[in-house]
Amino acid sequence: MNLFLAAAIIAAQLAATPIQQKFVEGETLDYNLTWLKVTGGTARMTIQPHGDDSFRITSVARSSPSFSRFFKVRDEIETTVARADFSTTRYVKRLDEEGDKIEEVTVIEDGVATRTRKKVKKVKVPRPVFDPISVIYLLRQRDLSPGRVHDFDLIADGKLYTVHAKVIRREKVQTPAGTFDCVRVEPQMISGGVERQERLFLWYTDDERKMPVRIRTEVKFGAVTATLRGFSAGVTSLDPPVQVEAKK
C-alpha cells in the first residue's frame with residue numbers, strides 16, 4: 001500500500017460518522033422472524049469491512065425446528081458495497097425454501113448489472129446503485145427526521161427501481177431486546193412507472209445508532225416481520241442462533 005492510499009484511508013476513518021464507524025468495527029443484529037403472526041424462525045444481519053475499500057453485508061434467515069416440520073427455510077443474502085459511496089458491486093442470493101432452491105448472482109461493473117440465474121440478464125445502472133439489503137444500511141446514514149424523503153436507485157431481481165423512502169413518524173417499538181423510540185420509514189419502489197406490490201416498512205432507533213429494530217415485508221400471502229432480539233459489536237458468525245423452543 002502506498003503512502004497516499006494509506007493517508008486517504010486514515011483520513012476517511014477519522015472523518016467517519018458514528019454509524020460509519022460501527023460498520024468499520026463490525027456489527028451483528030439478531031432477529032425473531034414472524035410469518036402470518038406465527039414466530040417461526042430467526043435471522044442475523046451483519047456488516048464488516050471487506051478489504052480496504054468495501055463492506056460485506058450478510059443476511060441469513062432460517063426456520064425454527066418446529067416450523068421446519070411444515071415448511072423448512074434457509075435464505076442467505078450477501079452483498080458487497082463500496083466504502084466510498086456505498087454503491088453495490090456484488091449481490092448474491094441463495095434461497096432454500098422447502099427444497100425449492102434458487103441461486104442468483106448480480107455483479108455490477110462499468111455501469112452494467114449482470115444478473116445470472118437460469119439465464120443471464122444485463123441492465124444498465126447508474127452509480128451509486130443499491131440493493132434490497134444494502135439499502136437498510138444506507139438509510140442509517142441519512143437524516144431520518146419525520147417528513148424527510150430520500151430518493152435513490154435500487155437493483156433487484158434484474159430490474160432497476162427508483163425508490164422514494166419517506167420518514168413517516170416517530171413511534172415506540174417493543175422488542176425482546178428492549179423498548180425503543182423509533183422512526184418509521186416506508187420505501188416505495190417504482191419500475192417503469194409501476195409500483196412494486198411487495199411493500200417494505202422499517203423502524204430505526206431515533207438516536208445516532210439508527211439501528212433497525214423492526215423490518216416488515218408485506219406480500220400477497222401476508223406479512224413477514226423481523227423483530228430485534230439482540231445486537232453486538234463485531235462479527236463472529238453469519239448464522240443466526242438456533243431458536244430455543246419451550247418443552248411441552
# chains A, B, ... in the order shown; residues from 1 in each chain; ligands from 1
>>> residues_around(residues="segment 140-144 of chain A", least_positions_apart="4", cutoff="9 Å", atoms="only C-alpha atoms", output="MDAnalysis selection string")
chainID A and resid 17 19:20 135:136 148:150 166:167 183:185 204 206 208:212
>>> write_last_selection(atoms="N, CA and C atoms", output="PDB file, in the first residue's frame")
ATOM      1  N   THR A  17     -18.612   9.059  10.415  1.00  0.00           N
ATOM      2  CA  THR A  17     -19.683   9.338  11.352  1.00  0.00           C
ATOM      3  C   THR A  17     -19.771   8.184  12.346  1.00  0.00           C
ATOM      4  N   ILE A  19     -22.144   6.133  12.805  1.00  0.00           N
ATOM      5  CA  ILE A  19     -22.704   4.974  12.117  1.00  0.00           C
ATOM      6  C   ILE A  19     -21.641   4.309  11.258  1.00  0.00           C
ATOM      7  N   GLN A  20     -20.915   5.081  10.479  1.00  0.00           N
ATOM      8  CA  GLN A  20     -19.874   4.521   9.625  1.00  0.00           C
ATOM      9  C   GLN A  20     -18.794   3.831  10.451  1.00  0.00           C
ATOM     10  N   VAL A 135     -29.677  -1.208   1.195  1.00  0.00           N
ATOM     11  CA  VAL A 135     -30.496  -0.007   1.394  1.00  0.00           C
ATOM     12  C   VAL A 135     -30.894   0.160   2.868  1.00  0.00           C
ATOM     13  N   ILE A 136     -31.002  -0.943   3.596  1.00  0.00           N
ATOM     14  CA  ILE A 136     -31.329  -0.868   5.023  1.00  0.00           C
ATOM     15  C   ILE A 136     -30.209  -0.140   5.775  1.00  0.00           C
ATOM     16  N   ARG A 148     -38.844  13.795   6.097  1.00  0.00           N
ATOM     17  CA  ARG A 148     -37.792  13.736   5.096  1.00  0.00           C
ATOM     18  C   ARG A 148     -38.073  12.629   4.082  1.00  0.00           C
ATOM     19  N   VAL A 149     -37.667  12.844   2.833  1.00  0.00           N
ATOM     20  CA  VAL A 149     -37.800  11.851   1.769  1.00  0.00           C
ATOM     21  C   VAL A 149     -36.441  11.674   1.104  1.00  0.00           C
ATOM     22  N   HIS A 150     -36.033  10.438   0.933  1.00  0.00           N
ATOM     23  CA  HIS A 150     -34.749  10.138   0.302  1.00  0.00           C
ATOM     24  C   HIS A 150     -34.992   9.343  -0.972  1.00  0.00           C
ATOM     25  N   LYS A 166     -39.759   7.531   2.516  1.00  0.00           N
ATOM     26  CA  LYS A 166     -40.305   8.625   3.308  1.00  0.00           C
ATOM     27  C   LYS A 166     -40.278   8.280   4.794  1.00  0.00           C
ATOM     28  N   VAL A 167     -39.775   9.219   5.587  1.00  0.00           N
ATOM     29  CA  VAL A 167     -39.786   9.054   7.040  1.00  0.00           C
ATOM     30  C   VAL A 167     -41.151   9.524   7.534  1.00  0.00           C
ATOM     31  N   VAL A 183     -38.203   5.807  14.520  1.00  0.00           N
ATOM     32  CA  VAL A 183     -38.847   6.483  13.390  1.00  0.00           C
ATOM     33  C   VAL A 183     -39.227   5.407  12.387  1.00  0.00           C
ATOM     34  N   ARG A 184     -40.393   5.597  11.769  1.00  0.00           N
ATOM     35  CA  ARG A 184     -40.892   4.625  10.795  1.00  0.00           C
ATOM     36  C   ARG A 184     -40.615   5.146   9.382  1.00  0.00           C
ATOM     37  N   VAL A 185     -40.005   4.286   8.560  1.00  0.00           N
ATOM     38  CA  VAL A 185     -39.653   4.648   7.194  1.00  0.00           C
ATOM     39  C   VAL A 185     -40.368   3.709   6.227  1.00  0.00           C
ATOM     40  N   TYR A 204     -36.363   2.426  12.698  1.00  0.00           N
ATOM     41  CA  TYR A 204     -35.000   2.689  13.162  1.00  0.00           C
ATOM     42  C   TYR A 204     -35.042   3.402  14.508  1.00  0.00           C
ATOM     43  N   ASP A 206     -34.437   6.171  17.115  1.00  0.00           N
ATOM     44  CA  ASP A 206     -34.385   7.622  16.920  1.00  0.00           C
ATOM     45  C   ASP A 206     -33.211   8.203  17.702  1.00  0.00           C
ATOM     46  N   GLU A 208     -28.428   8.309  17.420  1.00  0.00           N
ATOM     47  CA  GLU A 208     -27.318   8.297  16.467  1.00  0.00           C
ATOM     48  C   GLU A 208     -27.007   6.907  15.926  1.00  0.00           C
ATOM     49  N   ARG A 209     -27.476   5.849  16.603  1.00  0.00           N
ATOM     50  CA  ARG A 209     -27.225   4.490  16.114  1.00  0.00           C
ATOM     51  C   ARG A 209     -28.078   4.165  14.887  1.00  0.00           C
ATOM     52  N   LYS A 210     -29.317   4.694  14.870  1.00  0.00           N
ATOM     53  CA  LYS A 210     -30.268   4.414  13.794  1.00  0.00           C
ATOM     54  C   LYS A 210     -30.324   2.909  13.499  1.00  0.00           C
ATOM     55  N   MET A 211     -30.490   2.153  14.551  1.00  0.00           N
ATOM     56  CA  MET A 211     -30.473   0.696  14.453  1.00  0.00           C
ATOM     57  C   MET A 211     -31.837   0.174  13.984  1.00  0.00           C
ATOM     58  N   PRO A 212     -31.888  -0.687  12.981  1.00  0.00           N
ATOM     59  CA  PRO A 212     -33.175  -1.224  12.529  1.00  0.00           C
ATOM     60  C   PRO A 212     -33.706  -2.259  13.526  1.00  0.00           C
TER      61      PRO A 212
END
>>> residues_around(residues="Val92 of chain A", least_positions_apart="6", cutoff="6 Å", atoms="only C-alpha atoms", output="PyMOL selection string")
chain A and resi 77-78+104-105
>>> atom_distance(atom1="atom CA of Gly178 of chain A", atom2="atom CA of Val235 of chain A")
21.3 Å
>>> select_by_dssp(residues="segment 213-243 of chain A", states="strand (DSSP E)", output="list in words")
Val213, Arg214, Ile215, Arg216, Thr217, Glu218, Val219, Gly222, Ala223, Val224, Thr225, Ala226, Thr227, Leu228, Arg229, Gly230, Phe231, Ser232 and Ala233 of chain A
>>> write_last_selection(atoms="C-alpha atoms", output="JSON list (two decimals), in the first residue's frame")
[["chain", "number", "residue", "atom", "x", "y", "z"],
["A", 213, "VAL", "CA", -35.27, -2.81, 15.29],
["A", 214, "ARG", "CA", -38.15, -3.98, 13.11],
["A", 215, "ILE", "CA", -38.34, -4.86, 9.41],
["A", 216, "ARG", "CA", -41.65, -5.85, 7.85],
["A", 217, "THR", "CA", -42.27, -7.07, 4.32],
["A", 218, "GLU", "CA", -45.86, -7.31, 3.10],
["A", 219, "VAL", "CA", -46.54, -9.72, 0.25],
["A", 222, "GLY", "CA", -49.36, -11.92, 4.33],
["A", 223, "ALA", "CA", -46.51, -10.25, 6.18],
["A", 224, "VAL", "CA", -43.06, -11.35, 7.31],
["A", 225, "THR", "CA", -41.71, -9.38, 10.29],
["A", 226, "ALA", "CA", -38.19, -9.36, 11.74],
["A", 227, "THR", "CA", -38.04, -8.01, 15.31],
["A", 228, "LEU", "CA", -34.76, -7.29, 17.06],
["A", 229, "ARG", "CA", -33.79, -9.78, 19.77],
["A", 230, "GLY", "CA", -30.15, -8.78, 20.31],
["A", 231, "PHE", "CA", -27.20, -6.83, 18.95],
["A", 232, "SER", "CA", -23.45, -6.79, 19.41],
["A", 233, "ALA", "CA", -20.27, -5.23, 18.07]]
>>> closest_residue(among="A:Gly26, A:Arg199, A:Ser87, A:Ile133", to="Gly111 of chain A", atoms="only C-alpha atoms")
A:Ser87
